[in-house]
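This is model_34.csv. It holds CSV, C-alpha atoms.
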chain,number,residue,atom,x,y,z
A,1,MET,CA,-8.0,111.9,105.2
A,2,ILE,CA,-5.2,109.6,106.1
A,3,ASN,CA,-3.8,107.7,103.2
A,4,SER,CA,-0.8,105.5,102.4
A,5,LYS,CA,1.5,108.6,102.4
A,6,ALA,CA,0.8,109.1,106.1
A,7,LEU,CA,1.7,105.5,106.8
A,8,TYR,CA,4.9,105.9,104.7
A,9,LEU,CA,5.8,109.0,106.7
A,10,LEU,CA,5.3,107.1,110.0
A,11,GLN,CA,7.4,104.2,108.8
A,12,SER,CA,10.2,106.4,107.5
A,13,ASN,CA,10.2,108.4,110.7
A,14,ASP,CA,10.4,105.1,112.7
A,15,PHE,CA,13.4,104.1,110.5
A,16,CYS,CA,15.1,107.4,111.5
A,17,ILE,CA,14.4,106.7,115.2
A,18,GLN,CA,15.8,103.2,114.9
A,19,GLU,CA,19.0,104.4,113.2
A,20,LEU,CA,19.5,107.3,115.6
A,21,THR,CA,19.0,104.9,118.6
A,22,LEU,CA,21.7,102.6,117.2
A,23,TYR,CA,24.0,105.5,116.5
A,24,LEU,CA,23.5,106.8,120.1
A,25,ASP,CA,24.4,103.4,121.5
A,26,THR,CA,27.9,103.9,120.3
A,27,HIS,CA,28.0,107.8,120.4
A,28,PRO,CA,26.1,108.7,123.6
A,29,GLU,CA,27.8,112.0,123.9
A,30,ASP,CA,26.5,113.3,120.6
A,31,ARG,CA,24.0,116.0,121.7
A,32,THR,CA,23.0,116.8,118.2
A,33,ALA,CA,21.9,113.3,117.5
A,34,ALA,CA,20.1,113.1,120.9
A,35,HIS,CA,18.2,116.3,120.0
A,36,LEU,CA,17.3,114.9,116.6
A,37,LEU,CA,16.1,111.7,118.2
A,38,SER,CA,13.9,113.7,120.5
A,39,LYS,CA,12.4,115.7,117.6
A,40,HIS,CA,11.7,112.5,115.7
A,41,LEU,CA,10.0,111.0,118.7
A,42,GLU,CA,7.7,114.1,118.9
A,43,ILE,CA,6.9,113.8,115.2
A,44,ARG,CA,6.2,110.1,115.6
A,45,ASP,CA,3.6,110.8,118.3
A,46,GLU,CA,1.8,113.2,116.0
A,47,LEU,CA,1.9,110.9,113.0
A,48,LYS,CA,0.8,107.9,115.1
A,49,HIS,CA,-2.1,109.8,116.6
A,50,ALA,CA,-3.2,111.0,113.1
A,51,VAL,CA,-3.0,107.5,111.6
A,52,GLU,CA,-4.7,105.8,114.5
A,53,ASN,CA,-7.6,108.4,114.5
A,54,GLU,CA,-8.3,107.4,110.9
A,55,MET,CA,-7.4,103.7,110.8
A,56,GLY,CA,-7.6,102.5,114.3
A,57,PRO,CA,-4.8,101.2,116.6
A,58,LEU,CA,-1.5,100.2,114.9
A,59,THR,CA,-0.7,97.5,117.5
A,60,ASN,CA,-2.8,95.2,119.7
A,61,TYR,CA,-1.3,96.6,122.8
A,62,ASP,CA,-2.3,100.3,122.3
A,63,HIS,CA,-4.8,101.6,124.8
A,64,GLU,CA,-7.6,102.0,122.2
A,65,THR,CA,-7.7,98.3,121.6
A,66,ARG,CA,-10.4,97.7,124.2
A,67,ASP,CA,-13.2,98.1,121.7
A,68,TRP,CA,-11.8,95.7,119.1
A,69,ARG,CA,-11.8,98.5,116.5
A,70,TRP,CA,-9.3,96.8,114.3
A,71,ILE,CA,-11.7,94.0,113.3
A,72,LYS,CA,-14.3,96.5,111.9
A,73,GLY,CA,-12.5,96.9,108.6
A,74,PRO,CA,-11.5,97.7,106.1
A,75,TRP,CA,-8.0,96.5,106.8
A,76,PRO,CA,-5.2,98.9,105.8
A,77,TRP,CA,-4.3,96.9,102.7
A,78,GLU,CA,-7.9,96.9,101.6
A,79,ARG,CA,-8.2,100.7,101.5
A,80,GLY,CA,-8.4,102.2,98.0
A,81,THR,CA,-9.0,98.8,96.3
A,82,ASN,CA,-12.7,99.5,95.6
Let me see the structure of the file written as structure tokens.
Amino acid sequence: MINSKALYLLQSNDFCIQELTLYLDTHPEDRTAAHLLSKHLEIRDELKHAVENEMGPLTNYDHETRDWRWIKGPWPWERGTN
């Protein structure tokens, strides 16, 4: 079951991706950083897929939004409150 830890991992991974992207803007020749970015992008795909399978789409422009699944609750902040 997906829980807040999975969301935390996704968010922390997204932070790494953002920081690596900013770093590579000024150091485009750093192959180690580019490889690390590639690995974090792969990890993000896996985490995003796992979270979305349990909770629904993370954004309104993901391809699974056609069924309006996000309105069928509970909302992410409502999980674990009952």
| query | With only C-alpha atoms as the basis for distance, which of A:Ile17, A:Ala50, A:Leu24, A:Leu58 is at the shortest distance from A:Ser38? | reply |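 That would be A:Ile17, the residue with the smallest distance to A:Ser38.
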| request: Could you give me, as a ChimeraX atom specification, the residues within 12 Å of stretch 2-13 of chain A, counting only C-alpha atoms and dropping anything in the same chain fewer than 3 positions from it? | output: /A:16-20,36-56,58,76-80
| query | For the atom pair atom CA of A:Pro57 and atom CA of A:Pro74, what is the interatomic distance in Å to one decimal place? | reply | 12.9 Å
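Going from atom CA of A:Tyr61 to atom CA of A:Trp75 covers 17.3 Å.
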